[in-house]
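File shown: start.txt. Contents: compact mmCIF, C-alpha atoms.
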# COMPACT_ATOMS: atom_id res chain seq x y z
CA MET X 22 -23.86 2.11 2.47
CA SER X 23 -24.15 5.91 2.61
CA PHE X 24 -20.81 6.66 0.92
CA PHE X 25 -21.71 4.65 -2.14
CA LYS X 26 -25.22 6.07 -2.38
CA LEU X 27 -23.67 9.51 -2.76
CA VAL X 28 -21.85 8.51 -5.93
CA SER X 29 -24.20 5.98 -7.53
CA PHE X 30 -26.27 8.49 -9.49
CA VAL X 31 -23.17 10.10 -10.99
CA LEU X 32 -21.73 6.72 -11.96
CA ILE X 33 -24.93 5.62 -13.68
CA LEU X 34 -24.97 8.84 -15.73
CA HIS X 35 -21.42 8.14 -16.85
CA LEU X 36 -22.26 4.56 -17.71
CA LEU X 37 -25.13 5.71 -19.90
CA SER X 38 -22.98 8.30 -21.69
CA PRO X 39 -20.86 7.44 -24.75
CA THR X 40 -17.22 6.72 -23.96
CA VAL X 41 -14.13 7.19 -26.05
CA VAL X 42 -12.35 3.90 -26.79
CA LEU X 43 -8.59 4.23 -27.15
CA SER X 44 -8.04 0.91 -28.90
CA SER X 45 -10.01 -1.83 -30.56
CA SER X 46 -8.62 -4.49 -28.22
CA SER X 47 -10.97 -5.92 -25.61
CA LEU X 48 -10.96 -8.49 -22.87
CA SER X 49 -13.06 -10.85 -24.99
CA SER X 50 -10.39 -10.89 -27.70
CA LEU X 51 -7.69 -12.06 -25.31
CA ASN X 52 -6.70 -15.71 -25.40
CA GLY X 53 -7.72 -16.51 -21.87
CA LEU X 54 -7.11 -14.81 -18.55
CA SER X 55 -3.37 -15.41 -18.77
CA GLU X 56 -3.07 -12.98 -21.69
CA ILE X 57 -4.63 -10.03 -19.87
CA PRO X 58 -1.50 -8.94 -17.93
CA LYS X 59 0.68 -9.12 -21.06
CA LYS X 60 -1.79 -7.08 -23.09
CA PHE X 61 -2.16 -4.52 -20.32
CA LEU X 62 1.63 -4.13 -20.01
CA GLU X 63 1.94 -3.77 -23.75
CA PHE X 64 -0.73 -1.08 -23.66
CA ALA X 65 0.95 0.68 -20.69
CA LYS X 66 4.26 0.82 -22.54
CA ARG X 67 2.83 2.77 -25.45
CA GLN X 68 4.84 5.94 -25.73
CA GLU X 69 1.85 8.28 -25.51
CA LEU X 70 0.71 6.66 -22.27
CA VAL X 71 4.22 6.58 -20.81
CA ASP X 72 4.73 10.25 -21.61
CA TRP X 73 1.37 11.07 -20.02
CA MET X 74 2.21 9.20 -16.79
CA VAL X 75 5.68 10.75 -16.65
CA GLY X 76 4.18 14.22 -17.07
CA ILE X 77 1.72 13.67 -14.23
CA ARG X 78 4.40 12.28 -11.96
CA ARG X 79 6.70 15.26 -12.60
CA LYS X 80 3.94 17.80 -11.95
CA ILE X 81 3.20 16.16 -8.61
CA HIS X 82 6.90 15.92 -7.78
CA GLU X 83 7.40 19.62 -8.37
CA ASN X 84 4.52 20.46 -6.03
CA PRO X 85 4.79 18.16 -3.00
CA GLU X 86 2.11 18.50 -0.34
CA LEU X 87 2.02 17.09 3.19
CA GLY X 88 -0.76 14.95 4.65
CA TYR X 89 -4.27 16.46 4.40
CA GLU X 90 -2.79 19.35 2.42
CA GLU X 91 -2.80 17.59 -0.98
CA PHE X 92 -5.21 20.06 -2.61
CA GLU X 93 -3.27 20.67 -5.83
CA THR X 94 -2.50 16.96 -6.11
CA ASN X 95 -6.14 15.94 -5.91
CA LYS X 96 -7.09 18.77 -8.26
CA LEU X 97 -4.76 17.24 -10.86
CA ILE X 98 -6.21 13.78 -10.19
CA ARG X 99 -9.76 15.05 -10.64
CA GLN X 100 -8.86 16.85 -13.85
CA GLU X 101 -7.45 13.64 -15.33
CA LEU X 102 -10.42 11.56 -14.19
CA ASP X 103 -12.75 14.12 -15.77
CA LYS X 104 -10.86 13.86 -19.06
CA MET X 105 -11.25 10.06 -18.97
CA GLY X 106 -14.94 10.29 -18.11
CA ILE X 107 -14.44 8.47 -14.82
CA PRO X 108 -16.81 9.50 -12.00
CA TYR X 109 -15.44 10.12 -8.54
CA LYS X 110 -16.30 11.29 -5.06
CA TYR X 111 -14.50 14.31 -3.57
CA PRO X 112 -13.59 15.39 -0.97
CA VAL X 113 -13.11 12.16 0.96
CA SER X 114 -11.32 12.44 4.31
CA VAL X 115 -10.28 16.04 3.58
CA THR X 116 -8.15 15.58 0.45
CA GLY X 117 -8.85 12.05 -0.77
CA VAL X 118 -10.48 11.13 -4.07
CA VAL X 119 -12.33 7.89 -4.85
CA GLY X 120 -13.02 7.02 -8.49
CA PHE X 121 -15.13 4.26 -10.04
CA VAL X 122 -14.55 2.31 -13.24
CA GLY X 123 -17.06 -0.34 -14.29
CA THR X 124 -20.70 -1.28 -14.15
CA GLY X 125 -21.75 -0.23 -10.66
CA LYS X 126 -22.39 -3.91 -9.93
CA PRO X 127 -20.41 -6.38 -7.85
CA PRO X 128 -17.83 -7.66 -7.60
CA PHE X 129 -16.09 -4.56 -6.29
CA VAL X 130 -12.30 -4.50 -6.03
CA ALA X 131 -10.13 -1.56 -4.98
CA ILE X 132 -6.64 -0.39 -5.98
CA ARG X 133 -4.94 2.30 -3.92
CA ALA X 134 -2.31 5.04 -4.17
CA ASP X 135 -1.08 7.41 -1.47
CA LEU X 136 -0.74 11.15 -2.16
CA ASP X 137 1.38 12.87 0.48
CA ALA X 138 4.99 14.03 0.50
CA LEU X 139 7.55 14.22 3.30
CA SER X 140 8.73 17.18 5.33
CA MET X 141 12.31 17.28 4.06
CA GLN X 142 14.45 19.24 1.63
CA GLU X 143 15.17 17.73 -1.80
CA LEU X 144 18.88 17.74 -2.66
CA VAL X 145 18.59 16.30 -6.17
CA GLU X 146 19.36 18.99 -8.75
CA TRP X 147 17.17 18.39 -11.79
CA GLU X 148 14.60 20.16 -13.93
CA HIS X 149 11.61 19.01 -11.88
CA LYS X 150 13.02 19.50 -8.38
CA SER X 151 10.54 20.34 -5.62
CA LYS X 152 9.40 23.96 -5.76
CA HIS X 153 8.39 23.97 -2.09
CA GLN X 154 11.09 24.53 0.49
CA GLY X 155 11.28 21.72 3.04
CA LYS X 156 8.87 19.39 1.20
CA MET X 157 9.76 16.46 -1.05
CA HIS X 158 8.30 13.33 -2.60
CA ALA X 159 11.03 11.10 -1.17
CA CYS X 160 8.90 7.97 -0.81
CA GLY X 161 7.60 7.60 -4.35
CA HIS X 162 3.99 8.62 -3.75
CA ASP X 163 4.11 10.82 -6.85
CA SER X 164 4.82 7.71 -8.91
CA HIS X 165 2.09 5.77 -7.10
CA VAL X 166 -0.51 8.37 -8.13
CA SER X 167 0.71 8.33 -11.72
CA MET X 168 0.53 4.52 -11.85
CA LEU X 169 -3.01 4.45 -10.47
CA LEU X 170 -4.17 6.99 -13.04
CA GLY X 171 -2.45 4.87 -15.69
CA ALA X 172 -4.35 1.83 -14.44
CA ALA X 173 -7.58 3.82 -14.64
CA LYS X 174 -6.88 4.59 -18.28
CA ILE X 175 -6.19 0.93 -19.07
CA LEU X 176 -9.38 -0.18 -17.33
CA LYS X 177 -11.41 2.51 -19.04
CA GLU X 178 -10.22 1.08 -22.34
CA HIS X 179 -12.01 -2.19 -21.50
CA LEU X 180 -15.01 -0.68 -19.72
CA GLU X 181 -17.68 -2.44 -21.77
CA GLU X 182 -16.47 -5.86 -20.74
CA LEU X 183 -15.48 -5.11 -17.15
CA LYS X 184 -18.36 -6.96 -15.48
CA GLY X 185 -17.83 -5.41 -12.08
CA THR X 186 -16.47 -2.22 -10.53
CA VAL X 187 -12.94 -1.10 -9.76
CA VAL X 188 -12.69 1.45 -6.94
CA LEU X 189 -9.75 3.85 -7.36
CA VAL X 190 -8.61 4.92 -3.89
CA PHE X 191 -6.43 8.06 -3.90
CA GLN X 192 -5.60 8.29 -0.21
CA PRO X 193 -4.14 11.25 1.70
CA ALA X 194 -1.77 11.25 4.65
CA GLU X 195 -0.02 7.89 4.61
CA GLU X 196 3.09 9.31 6.25
CA GLY X 197 1.90 9.20 9.85
CA GLY X 198 -1.47 10.87 9.32
CA GLY X 199 -3.66 7.78 9.47
CA GLY X 200 -5.23 8.55 6.11
CA ALA X 201 -6.27 4.95 5.46
CA LYS X 202 -8.17 4.76 8.73
CA LYS X 203 -10.02 7.99 7.95
CA MET X 204 -10.96 6.67 4.52
CA LEU X 205 -12.33 3.52 6.13
CA ASP X 206 -14.30 5.53 8.65
CA VAL X 207 -16.31 7.21 5.86
CA GLY X 208 -17.14 3.89 4.19
CA VAL X 209 -14.79 3.88 1.22
CA LEU X 210 -14.54 0.08 1.24
CA GLU X 211 -18.21 -0.72 1.85
CA ASN X 212 -19.22 -3.52 -0.54
CA VAL X 213 -15.59 -3.94 -1.68
CA ASP X 214 -14.33 -7.54 -1.68
CA ALA X 215 -10.55 -6.98 -1.90
CA ILE X 216 -7.94 -4.23 -2.18
CA PHE X 217 -4.44 -4.10 -3.71
CA GLY X 218 -1.59 -1.68 -3.09
CA LEU X 219 2.04 -1.35 -4.12
CA HIS X 220 5.22 0.51 -3.25
CA VAL X 221 8.24 1.24 -5.41
CA ALA X 222 11.45 -0.47 -4.30
CA PRO X 223 14.69 1.30 -5.29
CA ASP X 224 16.84 -1.68 -4.27
CA ARG X 225 15.15 -4.25 -6.52
CA PRO X 226 15.63 -4.66 -10.29
CA ILE X 227 13.11 -3.07 -12.59
CA GLY X 228 10.54 -5.49 -13.91
CA THR X 229 10.56 -7.56 -10.73
CA VAL X 230 8.11 -7.72 -7.86
CA ALA X 231 8.53 -8.92 -4.29
CA SER X 232 6.06 -9.92 -1.63
CA THR X 233 5.05 -12.67 0.77
CA PRO X 234 1.86 -14.11 2.25
CA GLY X 235 1.09 -13.23 5.85
CA PRO X 236 2.97 -10.41 7.62
CA ILE X 237 5.03 -8.31 5.22
CA LEU X 238 5.43 -5.07 7.22
CA ALA X 239 5.42 -4.50 10.95
CA GLY X 240 2.87 -2.68 13.00
CA SER X 241 4.28 0.45 14.60
CA GLY X 242 3.72 2.82 17.47
CA PHE X 243 5.42 5.96 18.76
CA PHE X 244 5.91 7.37 22.23
CA ASP X 245 7.14 10.46 24.04
CA ALA X 246 8.04 10.60 27.71
CA VAL X 247 8.84 13.57 29.94
CA ILE X 248 10.95 12.53 32.92
CA SER X 249 10.97 15.18 35.64
CA GLY X 250 13.34 15.61 38.59
CA LYS X 251 14.82 18.64 40.29
CA GLY X 252 17.38 20.86 38.63
CA GLY X 253 20.48 22.25 40.23
CA HIS X 254 24.21 22.82 40.02
CA ALA X 255 26.18 19.96 38.50
CA ALA X 256 28.84 20.31 41.21
CA ILE X 257 26.38 19.55 44.02
CA PRO X 258 24.22 16.73 42.61
CA GLN X 259 23.08 15.70 46.10
CA HIS X 260 20.80 18.73 46.10
CA SER X 261 19.18 17.72 42.81
CA ILE X 262 17.17 14.84 41.40
CA ASP X 263 18.87 14.05 38.12
CA PRO X 264 16.44 13.28 35.24
CA ILE X 265 19.33 12.63 32.83
CA LEU X 266 20.49 9.69 34.96
CA ALA X 267 16.91 8.43 35.20
CA ALA X 268 16.40 8.73 31.43
CA SER X 269 19.65 6.88 30.79
CA ASN X 270 18.49 3.99 32.95
CA VAL X 271 15.14 4.03 31.18
CA ILE X 272 16.77 3.70 27.75
CA VAL X 273 18.93 0.75 28.82
CA SER X 274 15.97 -0.99 30.47
CA LEU X 275 13.78 -0.54 27.40
CA GLN X 276 16.24 -2.64 25.39
CA HIS X 277 15.58 -5.57 27.71
CA LEU X 278 11.97 -5.70 26.51
CA VAL X 279 13.15 -7.28 23.25
CA SER X 280 16.25 -9.14 24.43
CA ARG X 281 14.72 -10.67 27.56
CA GLU X 282 10.93 -10.54 27.31
CA ALA X 283 10.09 -11.15 23.64
CA ASP X 284 10.08 -14.55 21.98
CA PRO X 285 13.24 -14.60 19.81
CA LEU X 286 11.10 -15.99 16.96
CA ASP X 287 8.68 -13.05 17.23
CA SER X 288 10.63 -10.12 15.77
CA GLN X 289 10.23 -6.87 17.68
CA VAL X 290 12.02 -3.52 17.88
CA VAL X 291 12.13 -0.79 20.53
CA THR X 292 14.24 2.23 19.59
CA VAL X 293 14.72 5.45 21.52
CA ALA X 294 15.65 8.00 18.86
CA LYS X 295 15.08 11.27 20.71
CA PHE X 296 16.81 12.55 23.87
CA GLN X 297 16.40 16.21 24.79
CA GLY X 298 17.54 17.64 28.09
CA GLY X 299 19.82 20.28 29.50
CA GLY X 300 21.45 23.26 27.89
CA ALA X 301 24.58 23.88 29.94
CA PHE X 302 27.56 21.75 30.92
CA ASN X 303 27.25 22.58 34.63
CA VAL X 304 23.48 22.55 35.18
CA ILE X 305 21.33 19.52 35.97
CA PRO X 306 18.02 20.17 34.16
CA ASP X 307 14.57 19.91 35.70
CA SER X 308 13.36 17.46 33.04
CA VAL X 309 14.35 15.35 30.06
CA THR X 310 12.23 14.32 27.07
CA ILE X 311 12.80 11.04 25.27
CA GLY X 312 10.90 9.52 22.36
CA GLY X 313 10.98 6.58 20.05
CA THR X 314 9.19 3.85 18.17
CA PHE X 315 8.25 0.23 18.70
CA ARG X 316 7.50 -2.39 16.05
CA ALA X 317 6.10 -5.93 15.92
CA PHE X 318 4.33 -8.29 13.51
CA SER X 319 1.20 -8.93 15.58
CA LYS X 320 -1.29 -6.71 17.39
CA GLU X 321 -0.79 -8.78 20.54
CA SER X 322 2.94 -8.06 20.58
CA LEU X 323 2.33 -4.37 19.90
CA THR X 324 -0.11 -4.19 22.82
CA GLN X 325 2.36 -5.95 25.11
CA LEU X 326 5.20 -3.65 24.09
CA LYS X 327 3.07 -0.55 24.66
CA GLN X 328 2.11 -1.69 28.15
CA ARG X 329 5.66 -2.59 29.13
CA ILE X 330 7.19 0.60 27.69
CA GLU X 331 4.98 2.68 29.96
CA GLU X 332 5.67 0.46 32.98
CA VAL X 333 9.45 0.55 32.44
CA ILE X 334 9.62 4.31 31.92
CA LYS X 335 7.56 5.10 35.00
CA GLY X 336 9.21 2.41 37.11
CA GLN X 337 12.80 3.31 36.26
CA ALA X 338 12.06 7.00 36.72
CA ALA X 339 10.67 6.24 40.18
CA VAL X 340 13.81 4.28 41.12
CA GLN X 341 15.78 7.50 40.55
CA ARG X 342 13.20 9.58 42.50
CA CYS X 343 11.79 11.09 39.30
CA THR X 344 8.31 11.12 37.82
CA ALA X 345 7.35 10.36 34.22
CA ILE X 346 4.48 11.15 31.88
CA VAL X 347 4.23 8.87 28.84
CA ASP X 348 2.22 9.63 25.71
CA PHE X 349 1.55 7.21 22.84
CA TYR X 350 0.55 8.12 19.31
CA GLU X 351 -1.70 6.31 16.86
CA ASN X 352 -0.33 2.96 15.70
CA ASN X 353 -0.31 1.33 12.31
CA PRO X 354 -1.32 -2.31 12.61
CA PRO X 355 0.87 -4.96 10.93
CA THR X 356 0.50 -5.26 7.15
CA ILE X 357 -0.68 -8.85 6.65
CA ASN X 358 -1.21 -10.18 3.13
CA ASN X 359 -4.18 -12.44 2.48
CA LYS X 360 -2.99 -15.90 1.41
CA ASP X 361 -5.65 -16.36 -1.29
CA LEU X 362 -4.77 -12.97 -2.78
CA HIS X 363 -1.10 -14.01 -2.70
CA GLU X 364 -1.95 -16.85 -5.08
CA HIS X 365 -3.88 -14.42 -7.27
CA PHE X 366 -0.93 -12.02 -7.28
CA GLN X 367 1.54 -14.76 -8.22
CA LYS X 368 -0.61 -15.85 -11.17
CA VAL X 369 -1.12 -12.31 -12.49
CA ALA X 370 2.48 -11.17 -11.98
CA GLY X 371 3.80 -14.45 -13.34
CA ASP X 372 1.72 -14.10 -16.50
CA MET X 373 2.95 -10.53 -16.97
CA LEU X 374 6.60 -10.70 -15.95
CA GLY X 375 7.48 -14.39 -15.79
CA THR X 376 7.67 -16.47 -12.62
CA ASP X 377 11.42 -15.86 -12.34
CA ARG X 378 10.67 -12.14 -11.80
CA ILE X 379 8.57 -12.77 -8.69
CA LYS X 380 10.68 -12.76 -5.56
CA ASP X 381 9.78 -13.95 -2.09
CA MET X 382 10.87 -11.43 0.51
CA GLN X 383 11.49 -11.39 4.22
CA PRO X 384 9.09 -9.19 6.20
CA LEU X 385 10.37 -5.67 6.91
CA MET X 386 10.15 -3.62 10.10
CA GLY X 387 8.83 -0.62 8.19
CA SER X 388 5.10 0.08 8.49
CA GLU X 389 2.26 1.08 6.14
CA ASP X 390 -1.23 2.35 6.91
CA PHE X 391 -2.49 0.12 4.07
CA ALA X 392 -2.75 -2.33 6.99
CA PHE X 393 -5.95 -0.62 8.13
CA TYR X 394 -7.66 -1.71 4.91
CA GLN X 395 -6.46 -5.27 5.47
CA GLU X 396 -8.11 -5.31 8.89
CA ALA X 397 -11.44 -4.57 7.21
CA ILE X 398 -11.28 -6.72 4.04
CA PRO X 399 -8.81 -9.07 2.33
CA GLY X 400 -5.88 -7.02 1.05
CA TYR X 401 -2.54 -7.48 -0.67
CA PHE X 402 0.55 -5.27 -0.71
CA PHE X 403 3.68 -5.77 -2.80
CA PHE X 404 6.91 -4.06 -3.81
CA LEU X 405 7.78 -3.09 -7.38
CA GLY X 406 11.46 -2.95 -8.37
CA MET X 407 12.80 0.05 -10.28
CA GLN X 408 16.60 -0.25 -10.21
CA ASP X 409 18.18 -0.25 -13.66
CA GLN X 410 21.08 -2.66 -13.33
CA THR X 411 23.14 -0.63 -15.82
CA SER X 412 22.76 2.62 -13.84
CA PRO X 413 24.18 3.76 -10.48
CA PRO X 414 22.25 2.45 -7.46
CA LEU X 415 19.19 4.46 -6.52
CA LYS X 416 19.12 6.07 -3.09
CA SER X 417 16.88 4.64 -0.41
CA LEU X 418 13.36 5.76 0.45
CA HIS X 419 13.20 8.93 2.58
CA SER X 420 16.62 10.05 1.35
CA PRO X 421 16.94 13.69 0.17
CA TYR X 422 18.65 12.19 -2.90
CA PHE X 423 15.81 9.75 -3.67
CA MET X 424 14.86 9.50 -7.34
CA ILE X 425 12.31 7.54 -9.38
CA ASN X 426 13.30 5.49 -12.39
CA GLU X 427 10.32 6.50 -14.50
CA ASP X 428 10.58 3.32 -16.56
CA VAL X 429 8.76 1.69 -13.64
CA LEU X 430 5.49 3.54 -14.31
CA PRO X 431 4.09 1.19 -16.99
CA TYR X 432 4.74 -1.83 -14.78
CA GLY X 433 2.85 -0.35 -11.86
CA ALA X 434 -0.09 0.77 -14.00
CA ALA X 435 -0.38 -2.61 -15.75
CA LEU X 436 -0.10 -4.59 -12.50
CA HIS X 437 -2.77 -2.49 -10.80
CA ALA X 438 -5.13 -2.89 -13.74
CA SER X 439 -4.41 -6.59 -14.22
CA LEU X 440 -4.85 -7.50 -10.56
CA ALA X 441 -8.21 -5.73 -10.50
CA ALA X 442 -9.49 -6.97 -13.86
CA ARG X 443 -8.46 -10.57 -13.30
CA TYR X 444 -10.02 -10.53 -9.84
CA ILE X 445 -13.32 -9.31 -11.27
CA LEU X 446 -13.31 -11.79 -14.14
CA ALA X 447 -12.55 -14.68 -11.79
CA ALA X 448 -15.29 -13.65 -9.36
CA GLU X 449 -17.81 -12.41 -11.93
CA PRO X 450 -19.75 -15.69 -12.45
CA LYS X 451 -20.79 -15.59 -8.79
CA PHE X 452 -22.19 -12.08 -9.08
CA TYR X 453 -23.27 -11.30 -12.61
CA SER X 454 -26.49 -12.14 -14.37
CA PRO X 455 -27.28 -10.64 -17.79
CA GLU X 456 -30.84 -9.93 -16.67
CA GLU X 457 -29.76 -7.70 -13.81
CA ASN X 458 -30.39 -3.98 -13.94
CA LEU X 459 -27.71 -1.50 -12.92
CA HIS X 460 -26.95 -1.70 -9.24
CA ASP X 461 -28.82 1.13 -7.52
CA GLU X 462 -26.04 1.74 -5.04
CA LEU X 463 -22.32 1.16 -5.21

Step by step, read the file and then write its structure as structure tokens.
Amino acid sequence: MSFFKLVSFVLILHLLSPTVVLSSSSLSSLNGLSEIPKKFLEFAKRQELVDWMVGIRRKIHENPELGYEEFETNKLIRQELDKMGIPYKYPVSVTGVVGFVGTGKPPFVAIRADLDALSMQELVEWEHKSKHQGKMHACGHDSHVSMLLGAAKILKEHLEELKGTVVLVFQPAEEGGGGAKKMLDVGVLENVDAIFGLHVAPDRPIGTVASTPGPILAGSGFFDAVISGKGGHAAIPQHSIDPILAASNVIVSLQHLVSREADPLDSQVVTVAKFQGGGAFNVIPDSVTIGGTFRAFSKESLTQLKQRIEEVIKGQAAVQRCTAIVDFYENNPPTINNKDLHEHFQKVAGDMLGTDRIKDMQPLMGSEDFAFYQEAIPGYFFFLGMQDQTSPPLKSLHSPYFMINEDVLPYGAALHASLAARYILAAEPKFYSPEENLHDEL
């Protein structure tokens, strides 16, 4: 409860202050819940709001920052929240920001965006190319931030009738930094009933969404292993203990974990993607370093893979008279969509886009630290298409040529806002009583 106590006083002050209303429309004037997504998308497509979101996205794109270094990014976020009169807590988990739109009362629902860039060089030549050598927003997080701020503006428009509280989670360090877990550890989701997140999809048509109930993304882990032998001259291998031979046997044996130990109906991956050893054509090195990743759709399978990877590496090294030290790095759990929230998502997205624009998708072996939130509370993650069918195909995520079709921004903002608002309105009769005072803690 401590995290929310820190921000409750500020939120109450904002609630008691006059707010600027951008339009005369309100939730009460809509013809039923089904009209909310359409109205929100119409609002999000207003040119002034589109231009504002595009401007924010381009500023962030020009100044990419790695995990836990997103200081200028969160400064921009805070400036925009201040302009909207939305209270927030900062810093959260080093560089995170958590904003609050609503009454301070339950129900509480969260919507999330990730902030960090990737350590890679942008090769797209355009006016707003990254200004920081070796850093790039190649996974669309700049657009995610812009969409979440757009959603905040839409929700602020209907503040007086939002009988609950939307928690805006601006999370650092998604790209391998465990930012979601750190946000959880400081209580960001205390009292929150559900959370929604999205990711842009360059391979899917704009105006479409894709998701599935249950597992949608794999859990992942990473490992390094140092295999040590005895170096020597390549012409007299009998005087050496060859770690390259041992590492080669290790790599082959690791592939058997999936092909011969895993249930064929339980998708798993073990990939060795790093092999470093030796520096001369006629010298057997003292040691070799290998590293890789493993993926699965259940925590049980991830645990089993981790155990067997260590056993195989050490065992195969020993067969070749070598020793091995194996290190594992923090895992992301599988991203598993709540089935009730899947129904909610289908209704909201169907009302906004049409049911023919909602696509079922096969689970992917990629991973997302959004999964940590889903371990704590019901959560839902989906993909938002942005490929213009009349334009050349967009490059894939994590490509140095990756680009955002900025026409996607209104869709993301409206979906975020609609999912949150509809969730609150559906749950509100259970929580809200007109006689209640303001909640004394968020």

Show which residues sit within 9 Å of Ile265 in chain X, as a PyMOL selection string. Count all atoms listed in the file, and ignore same-chain residues fewer than 6 positions away. chain X and resi 248+250+298-299+305-306+308-309

Counting only C-alpha atoms, figure out which residue out of X:Pro431, X:Gly161, X:Gly253, X:Pro264 gets nearest to Pro223 in chain X.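 So, comparing all the options, the nearest one is X:Gly161.
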
Write out, as JSON lines, each residue of range 218-268 of chain X that has an atom at most 12 Å from range 359-376 of chain X, together with the closest pair of atoms and their distance in Å to one decimal, counting all atoms listed in the file, rows going by chain and rising number.
{"residue": "X:Gly218", "atom": "CA", "partner": "X:Phe366", "partner_atom": "CA", "distance": 11.2}
{"residue": "X:Leu219", "atom": "CA", "partner": "X:Phe366", "partner_atom": "CA", "distance": 11.5}
{"residue": "X:Ile227", "atom": "CA", "partner": "X:Leu374", "partner_atom": "CA", "distance": 10.6}
{"residue": "X:Gly228", "atom": "CA", "partner": "X:Leu374", "partner_atom": "CA", "distance": 6.8}
{"residue": "X:Thr229", "atom": "CA", "partner": "X:Leu374", "partner_atom": "CA", "distance": 7.3}
{"residue": "X:Val230", "atom": "CA", "partner": "X:Ala370", "partner_atom": "CA", "distance": 7.8}
{"residue": "X:Ala231", "atom": "CA", "partner": "X:Gln367", "partner_atom": "CA", "distance": 9.9}
{"residue": "X:Ser232", "atom": "CA", "partner": "X:His363", "partner_atom": "CA", "distance": 8.3}
{"residue": "X:Thr233", "atom": "CA", "partner": "X:His363", "partner_atom": "CA", "distance": 7.2}
{"residue": "X:Pro234", "atom": "CA", "partner": "X:Lys360", "partner_atom": "CA", "distance": 5.2}
{"residue": "X:Gly235", "atom": "CA", "partner": "X:Asn359", "partner_atom": "CA", "distance": 6.3}
{"residue": "X:Pro236", "atom": "CA", "partner": "X:Asn359", "partner_atom": "CA", "distance": 9.0}
{"residue": "X:Ile237", "atom": "CA", "partner": "X:Asn359", "partner_atom": "CA", "distance": 10.5}

List the neighbours of Ala255 in chain X out to 10 Å using all atoms listed in the file; skip same-chain residues closer than 6 positions along the sequence, and give me the result as a list in words.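 In the requested format, the answer is Ser261, Asp263, Ala301, Phe302, Asn303, Val304, Ile305 and Pro306 of chain X.
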
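Minimum atom-to-atom distances from X:Gln410, X:Gly171, X:Ala159, X:Val333 to Glu69 in chain X were compared using only C-alpha atoms, and the lowest value belongs to X:Gly171.
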
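Comparing X:Leu446, X:Ala294, X:Ile272, X:Ala283 by their smallest distance to Ala338 in chain X, the closest is X:Ile272 (using only C-alpha atoms).
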
Could you check how far CA of Ser269 in chain X sits from CA of Phe315 in chain X, in Å to one decimal? 17.9 Å

May I ask which of the residues X:Val188, X:Ile334, X:Ile216, X:Leu326 is the closest one to Ala246 in chain X, counting all atoms listed in the file?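 The closest residue to Ala246 in chain X is X:Ile334.
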
Would you mind reading off the distance between CA of Pro285 in chain X and CA of Ser388 in chain X, one decimal, in Å?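 Answer for the CA of Pro285 in chain X to CA of Ser388 in chain X separation: 20.2 Å.
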
Here is a test: counting all atoms listed in the file, which residue of X:His437, X:Lys184, X:Arg225, X:Lys251 is nearest to Val166 in chain X? X:His437

Which residues are near Gly117 in chain X? Cut-off 8 Å, all atoms listed in the file, ignore same chain within fewer than 3 positions. Put them as number ranges by chain. X: 95, 111-114, 190-193, 204

To one decimal in Å, tell me the separation between CA of Met105 in chain X and CA of Ala441 in chain X.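 Straight-line distance from CA of Met105 in chain X to CA of Ala441 in chain X works out to 18.2 Å.
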
Distance cut-off 12 Å, centre (-5.9, 21.3, -0.3) in file coordinates, counting only C-alpha atoms: which residues qualify? Return them as a VMD selection string. chain X and resid 84 to 97 111 to 118 136 to 137 193 to 194

Closest to Ile398 in chain X among X:Val213, X:Ala448, X:Leu139, X:Ile346, using only C-alpha atoms?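 Of X:Val213, X:Ala448, X:Leu139, X:Ile346, the one nearest Ile398 in chain X, counting only C-alpha atoms, is X:Val213.
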
Point (12.7, 5.4, 4.9) neighbourhood (10 Å, only C-alpha atoms) written as a VMD selection string: chain X and resid 159 to 160 387 to 388 417 to 420

Any idea what's packed within 10 Å of Ile357 in chain X, counting only C-alpha atoms, ignoring anything in its chain fewer than 5 positions away? Could you give it as a list of chain:residue names?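 The residues that qualify are X:Thr233, X:Pro234, X:Gly235, X:Pro236, X:Ile237, X:Leu238, X:Ala239, X:Gly240, X:Phe318, X:Ser319, X:Pro384, X:Phe391, X:Ala392, X:Phe393, X:Gln395, X:Glu396, X:Pro399, X:Gly400, X:Tyr401, X:Phe402.
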
Polymer residues at most 12 Å from range 50-67 of chain X, only C-alpha atoms, same-chain spacing of 3 or more positions, as a PyMOL selection string: chain X and resi 43-47+70-75+167-179+182+228+365-375+427-447
